[in-house]
Amino acid sequence: MIEWEETDTGLRAFDRTKTGISICAPDWQSGGQEQGIDRPIDETVSGYASKVQFPPNLVSLTELQSDERHFHGGDTDDLELPDGEYLANIHGNIKTYLRFSGPATIRKTPDFDALIIEFDGNIPITLGFRSHHETPVDTITIPPTTDGLATAISYASSSHKTTGPDRSFPTLRGHPPRFEVGKELHIPKEVRTNKKDVGIEIRVPDDLRTLFVTAPLAYYLQANLVVETRATPVLEVPSVNFSYSFSSLPSYQHEVAEMLRRVFFLDCLVRNAGPHGWNLAELPLLDELDIDRGETYEATPAEQLVTYDLIDFDQISDELPDWHLSMYVEPSLENVSTLPYLLSNLSLIYLPDSSDLNPNELLDASLGDFYRNGPQFSTPAQRAVAGDGLYRVTRTEDVSAVERIKPTLHRGRVHGWLADGVPIDVFKTDPSAYENRFKYLDRESDEIEVALILNDEGMDAEREDAADIYLDRAKDLPIEVTVHEHLTRDELADLFETPCDYVHYIGHCEESGLRCTDGNLSLENIDESNVQTFFLNACGSYYEGMELIRKGTVAGAITFNKVLNKQAARVGISFARLLIHGFSIQHALQLARRRIMMNKDYAVVGDGAHTLTQSDNYIPVSGNIERIDDGFRLSFQSLSISMVGSCYQPYIDSNEQLYLHGNDASFILNTDELSSFLKRAEMPMLYDGELYWSEENELLDQINLS
């Protein structure tokens, strides 16, 4: 659902997640006849304008009479369009289409700060908007049987808006229907109608473990999933006489992951022969496989699957992204309801497995991460005693002990755990986290409400820096920031029960709860949580964080142990900036915690893929700067979980290529080129192991002195 409003400078469109796009049109006048937009859209707006200005997004334009296509990406050269009927496809946080007639000039500002489309006079235009954030519309009710679950998984792909390679675009898959366990099977009429029959079947043994593992592949292939008495799974395509036999578990889960990755990324390449193609850096990989893009794009899904099976994918595998998200899920009826949300993110699903973790292993893991990613000190002790050495709890107080385990992790850049135990290196979630997010979609306020709580005056520095970050971001987004100090138990409980988008708590946590001026508040004692996300930056806050998830929150950051005050402040400030700039909670914490030695003491609970705000860069991106002989190597890493299948273009002078989300892009720059880029980039940067924001003077000074 999209809403829109006129502003002093033009108009703004936004969806239920408070993600929006502001369009500057100084002489905008609403009205006039709506021009047709033959694309999936949620809302249209018609009016008159001589110029429209968007965020600096990629744009492709189609001349509707001739189907001729034009592109404007990461360059500042003008694109002059002759007279014609055009539909512009603008890739931003809100998918935006612009329909207009006549000649036009497309350009970006010299600092890449805006995309401008200028017309020959004040002309009628129509804008169409579609939200990237889909929600389940229907609910499939299934009996508590393997047949019931197989049927639900088969119909999950009814949300796909297309078949074939274009389904690799995140905007063309849609959100699967909810799954609900009941007494008998019920599939809504709309779900049955929208299910595409692509002629692919996956036949599996009659057990929940195999069904959970198979779900992502069946969903993406739009296959029918059938349980029967058999030892191993088999994929069959009767129309082309094709059959593929799998091994049994546990090997099967890796074979499923490899097949899904193969089909998905080959789709991402082949789709460029269609109407939504881009100049992808990875496109030449198809030439190594001798695949005819056009012929494969036009083939049926069954024929494409056979083509993909016959090629030597290992030849190009290392040049394609690793998988974005892997979930380790206990196959149970309780977790059936989470499957649609995992499928919506196109997560791999593995069976959970772990081993005990002794204290020395935990210390080694933390130090290993820190010294791989952090600045090099002569001895660990120098880093450990940095600052005043004070903990966020005095040594006489008790902190809730959390016995952690070592998970067996497989393919994936981000990992989530929906099973017993508290593992390191993953986000720990609960079925309630995925349903909780829907209660935050229809709030009356369209502002992002942030509450910053300081319950210990000795931690005031973190509060000041975090407040500055939130207020600075409020210049770009509708954010309302309130600061609270020295709250009582009743006041803190009331704050968690009052609707709010993000709570950043700075203070102490003990076994009996979060410290307040009149004692400690155990979050078991609040009626419900109406806080969408949080950071409990206090010692040993894991159990309090999980209680918030169970009582209504979507996701948050916690600690497992005692944390040093100065190190906690470093993590808290970095996390605040990353989260408020559109990084998922898991990515924000992964980047923020690498600033300290004992980084395993911080983790995410709830849905780690959840984001609080939109990114100015459409897909959140981090950078890494490496000093080399001829200057610097600047590498980009795109960090989005929900937008897998999309692409991004680094705005580097002379770069005209796009990269698949998940693939790094690297460029060699001299000092002046790098400094110029950093001043306009607005993104986190790693340099000599330290995390900076790109325009920070400290980073710029180091670059210019190199």
# chains A, B, ... in the order shown; residues from 1 in each chain; ligands from 1

call {"tool": "residues_around", "arguments": {"residues": "Gln637 (chain A)", "least_positions_apart": "5", "cutoff": "6 Å", "atoms": "only C-alpha atoms", "output": "list in words"}}
result
Val621, Ser622 and Asp664 of chain A

call {"tool": "select_by_dssp", "arguments": {"residues": "region 70-104 of chain A", "states": "strand (DSSP E or B)", "output": "list in words"}}
result
His70, Phe71, His72, Leu79, Glu80, Leu81, Glu85, Tyr86, Leu87, Ala88, Asn89, Ile90, His91, Ile94, Lys95, Thr96, Tyr97, Leu98, Arg99, Phe100, Ser101 and Ala104 of chain A

call {"tool": "residues_around", "arguments": {"residues": "region 403-408 of chain A", "least_positions_apart": "6", "cutoff": "9 Å", "atoms": "only C-alpha atoms", "output": "PyMOL selection string"}}
result
chain A and resi 352-358+362+417+421-426+560

call {"tool": "write_last_selection", "arguments": {"atoms": "N, CA and C atoms", "output": "CSV table (one decimal), in the first residue's frame"}}
result
chain,number,residue,atom,x,y,z
A,352,PRO,N,19.6,-27.6,12.2
A,352,PRO,CA,20.5,-27.1,13.2
A,352,PRO,C,21.4,-28.2,13.8
A,353,ASP,N,22.6,-27.8,13.9
A,353,ASP,CA,23.6,-28.7,14.5
A,353,ASP,C,24.6,-27.9,15.3
A,354,SER,N,25.1,-28.3,16.4
A,354,SER,CA,26.0,-27.5,17.2
A,354,SER,C,26.9,-28.4,18.1
A,355,SER,N,27.8,-27.8,18.7
A,355,SER,CA,28.7,-28.5,19.7
A,355,SER,C,28.9,-27.5,20.9
A,356,ASP,N,29.4,-28.1,22.0
A,356,ASP,CA,29.7,-27.3,23.2
A,356,ASP,C,30.8,-26.3,22.9
A,357,LEU,N,30.7,-25.2,23.6
A,357,LEU,CA,31.7,-24.1,23.4
A,357,LEU,C,32.4,-23.8,24.7
A,358,ASN,N,33.7,-24.1,24.8
A,358,ASN,CA,34.3,-23.8,26.1
A,358,ASN,C,34.9,-22.4,26.1
A,362,LEU,N,35.7,-19.5,22.9
A,362,LEU,CA,35.0,-18.3,22.7
A,362,LEU,C,36.0,-17.1,22.7
A,417,TRP,N,19.2,-18.5,13.6
A,417,TRP,CA,19.0,-19.7,14.4
A,417,TRP,C,17.6,-19.8,14.9
A,421,GLY,N,18.9,-23.6,22.1
A,421,GLY,CA,20.3,-23.2,22.3
A,421,GLY,C,20.6,-21.8,21.9
A,422,VAL,N,21.7,-21.2,22.4
A,422,VAL,CA,22.1,-19.8,22.1
A,422,VAL,C,23.4,-19.9,21.5
A,423,PRO,N,23.5,-19.8,20.1
A,423,PRO,CA,24.8,-19.9,19.4
A,423,PRO,C,25.5,-18.6,19.2
A,424,ILE,N,26.8,-18.6,19.0
A,424,ILE,CA,27.5,-17.4,18.6
A,424,ILE,C,27.4,-17.3,17.1
A,425,ASP,N,27.7,-16.1,16.6
A,425,ASP,CA,27.8,-15.8,15.2
A,425,ASP,C,26.5,-15.9,14.4
A,426,VAL,N,25.4,-15.9,15.0
A,426,VAL,CA,24.1,-15.9,14.3
A,426,VAL,C,23.1,-15.0,15.1
A,560,PHE,N,25.7,-10.6,25.9
A,560,PHE,CA,25.6,-11.9,26.7
A,560,PHE,C,26.4,-11.8,28.0

call {"tool": "closest_residue", "arguments": {"among": "A:Asn624, A:Asn272, A:Thr338, A:Gln33", "to": "Pro684 (chain A)", "atoms": "only C-alpha atoms"}}
result
A:Asn624

call {"tool": "closest_residue", "arguments": {"among": "A:Phe265, A:Tyr434, A:Tyr297, A:Tyr440", "to": "Asp318 (chain A)", "atoms": "only C-alpha atoms"}}
result
A:Phe265

call {"tool": "atom_distance", "arguments": {"atom1": "CA of Leu235 (chain A)", "atom2": "CA of Asp287 (chain A)"}}
result
27.6 Å

call {"tool": "residues_around", "arguments": {"residues": "Lys108 (chain A)", "least_positions_apart": "2", "cutoff": "12 Å", "atoms": "only C-alpha atoms", "output": "PyMOL selection string"}}
result
chain A and resi 52-59+72-79+105-106+110-118+651

call {"tool": "atom_distance", "arguments": {"atom1": "CA of Ile200 (chain A)", "atom2": "CA of Thr146 (chain A)"}}
result
19.4 Å

call {"tool": "select_by_dssp", "arguments": {"residues": "region 253-477 of chain A", "states": "alpha helix (DSSP H)", "output": "PyMOL selection string"}}
result
chain A and resi 253-270+285-289+293-298+301-310+339-344+359-373+380-384+431-436+460-473

call {"tool": "residues_around", "arguments": {"residues": "Arg173 (chain A)", "least_positions_apart": "5", "cutoff": "8 Å", "atoms": "only C-alpha atoms", "output": "count of residues only"}}
result
8

call {"tool": "residues_around", "arguments": {"residues": "Glu63 (chain A)", "least_positions_apart": "4", "cutoff": "7 Å", "atoms": "only C-alpha atoms", "output": "list of chain:residue names"}}
result
A:Asp67, A:Glu68, A:Arg69, A:Gly84, A:Glu85, A:Tyr86, A:Leu87

call {"tool": "residues_around", "arguments": {"residues": "Met685 (chain A)", "least_positions_apart": "2", "cutoff": "10 Å", "atoms": "only C-alpha atoms", "output": "mmCIF file with N, CA and C atoms, in the first residue's frame"}}
result
data_model
loop_
_atom_site.group_PDB
_atom_site.id
_atom_site.type_symbol
_atom_site.label_atom_id
_atom_site.label_comp_id
_atom_site.auth_asym_id
_atom_site.auth_seq_id
_atom_site.Cartn_x
_atom_site.Cartn_y
_atom_site.Cartn_z
ATOM 1 N N LEU A 591 28.845 -5.076 11.717
ATOM 2 C CA LEU A 591 29.844 -4.040 11.450
ATOM 3 C C LEU A 591 30.261 -3.326 12.728
ATOM 4 N N VAL A 621 25.328 -0.129 1.523
ATOM 5 C CA VAL A 621 26.638 -0.522 1.015
ATOM 6 C C VAL A 621 27.705 -0.106 2.018
ATOM 7 N N SER A 622 28.681 -0.977 2.238
ATOM 8 C CA SER A 622 29.860 -0.608 3.027
ATOM 9 C C SER A 622 31.086 -0.656 2.121
ATOM 10 N N GLY A 623 32.123 0.035 2.522
ATOM 11 C CA GLY A 623 33.327 0.094 1.705
ATOM 12 C C GLY A 623 34.558 -0.330 2.480
ATOM 13 N N ASN A 624 35.559 -0.742 1.758
ATOM 14 C CA ASN A 624 36.849 -1.088 2.353
ATOM 15 C C ASN A 624 37.950 -0.404 1.543
ATOM 16 N N ILE A 625 38.814 0.307 2.235
ATOM 17 C CA ILE A 625 39.898 1.041 1.574
ATOM 18 C C ILE A 625 41.211 0.361 1.910
ATOM 19 N N LEU A 634 39.505 0.733 -3.595
ATOM 20 C CA LEU A 634 38.222 0.932 -2.923
ATOM 21 C C LEU A 634 37.285 -0.196 -3.326
ATOM 22 N N SER A 635 36.832 -0.969 -2.344
ATOM 23 C CA SER A 635 35.932 -2.089 -2.611
ATOM 24 C C SER A 635 34.577 -1.827 -1.978
ATOM 25 N N PHE A 636 33.533 -2.209 -2.689
ATOM 26 C CA PHE A 636 32.163 -2.055 -2.215
ATOM 27 C C PHE A 636 31.582 -3.424 -1.871
ATOM 28 N N LEU A 678 34.711 10.103 -1.070
ATOM 29 C CA LEU A 678 34.347 9.965 0.338
ATOM 30 C C LEU A 678 33.484 11.126 0.819
ATOM 31 N N ALA A 681 29.905 10.214 -0.362
ATOM 32 C CA ALA A 681 29.448 8.825 -0.382
ATOM 33 C C ALA A 681 28.378 8.519 0.662
ATOM 34 N N GLU A 682 28.513 9.035 1.885
ATOM 35 C CA GLU A 682 27.567 8.762 2.970
ATOM 36 C C GLU A 682 27.393 7.258 3.199
ATOM 37 N N MET A 683 28.476 6.598 3.578
ATOM 38 C CA MET A 683 28.450 5.162 3.819
ATOM 39 C C MET A 683 29.572 4.787 4.780
ATOM 40 N N TYR A 687 39.006 1.200 7.107
ATOM 41 C CA TYR A 687 40.344 1.586 6.668
ATOM 42 C C TYR A 687 41.329 1.240 7.781
ATOM 43 N N ASP A 688 42.345 0.474 7.448
ATOM 44 C CA ASP A 688 43.290 -0.017 8.451
ATOM 45 C C ASP A 688 42.568 -0.684 9.612
ATOM 46 N N GLY A 689 41.471 -1.378 9.298
ATOM 47 C CA GLY A 689 40.745 -2.128 10.310
ATOM 48 C C GLY A 689 39.797 -1.323 11.158
ATOM 49 N N GLU A 690 39.773 0.005 11.021
ATOM 50 C CA GLU A 690 38.867 0.839 11.804
ATOM 51 C C GLU A 690 37.633 1.179 10.979
ATOM 52 N N LEU A 691 36.497 1.307 11.658
ATOM 53 C CA LEU A 691 35.241 1.652 11.007
ATOM 54 C C LEU A 691 35.010 3.150 11.111
ATOM 55 N N TYR A 692 34.820 3.796 9.964
ATOM 56 C CA TYR A 692 34.541 5.227 9.901
ATOM 57 C C TYR A 692 33.262 5.452 9.106
ATOM 58 N N TRP A 693 32.734 6.671 9.197
ATOM 59 C CA TRP A 693 31.758 7.116 8.215
ATOM 60 C C TRP A 693 32.525 7.906 7.163
ATOM 61 N N SER A 694 32.118 7.754 5.906
ATOM 62 C CA SER A 694 32.971 8.170 4.788
ATOM 63 C C SER A 694 33.448 9.619 4.865
ATOM 64 N N GLU A 695 32.591 10.527 5.347
ATOM 65 C CA GLU A 695 32.995 11.932 5.331
ATOM 66 C C GLU A 695 33.692 12.382 6.608
ATOM 67 N N GLU A 696 33.996 11.465 7.516
ATOM 68 C CA GLU A 696 34.662 11.842 8.761
ATOM 69 C C GLU A 696 36.022 12.475 8.476
ATOM 70 N N LEU A 699 39.139 10.193 8.843
ATOM 71 C CA LEU A 699 39.417 9.325 7.700
ATOM 72 C C LEU A 699 40.015 10.127 6.549
#

call {"tool": "atom_distance", "arguments": {"atom1": "CA of Asp442 (chain A)", "atom2": "CA of Gly20 (chain A)"}}
result
14.9 Å

call {"tool": "closest_residue", "arguments": {"among": "A:Pro170, A:Gly412, A:Gly606, A:Pro103", "to": "Leu548 (chain A)", "atoms": "only C-alpha atoms"}}
result
A:Gly606

call {"tool": "closest_residue", "arguments": {"among": "A:Glu190, A:Asp616, A:Asp607, A:Glu524", "to": "Gly582 (chain A)", "atoms": "only C-alpha atoms"}}
result
A:Asp616

call {"tool": "closest_residue", "arguments": {"among": "A:Pro499, A:Ala273, A:Thr611, A:Thr307", "to": "Glu444 (chain A)", "atoms": "only C-alpha atoms"}}
result
A:Pro499

call {"tool": "closest_residue", "arguments": {"among": "A:Arg515, A:Glu510, A:Ser675, A:Leu409", "to": "Glu698 (chain A)", "atoms": "only C-alpha atoms"}}
result
A:Ser675
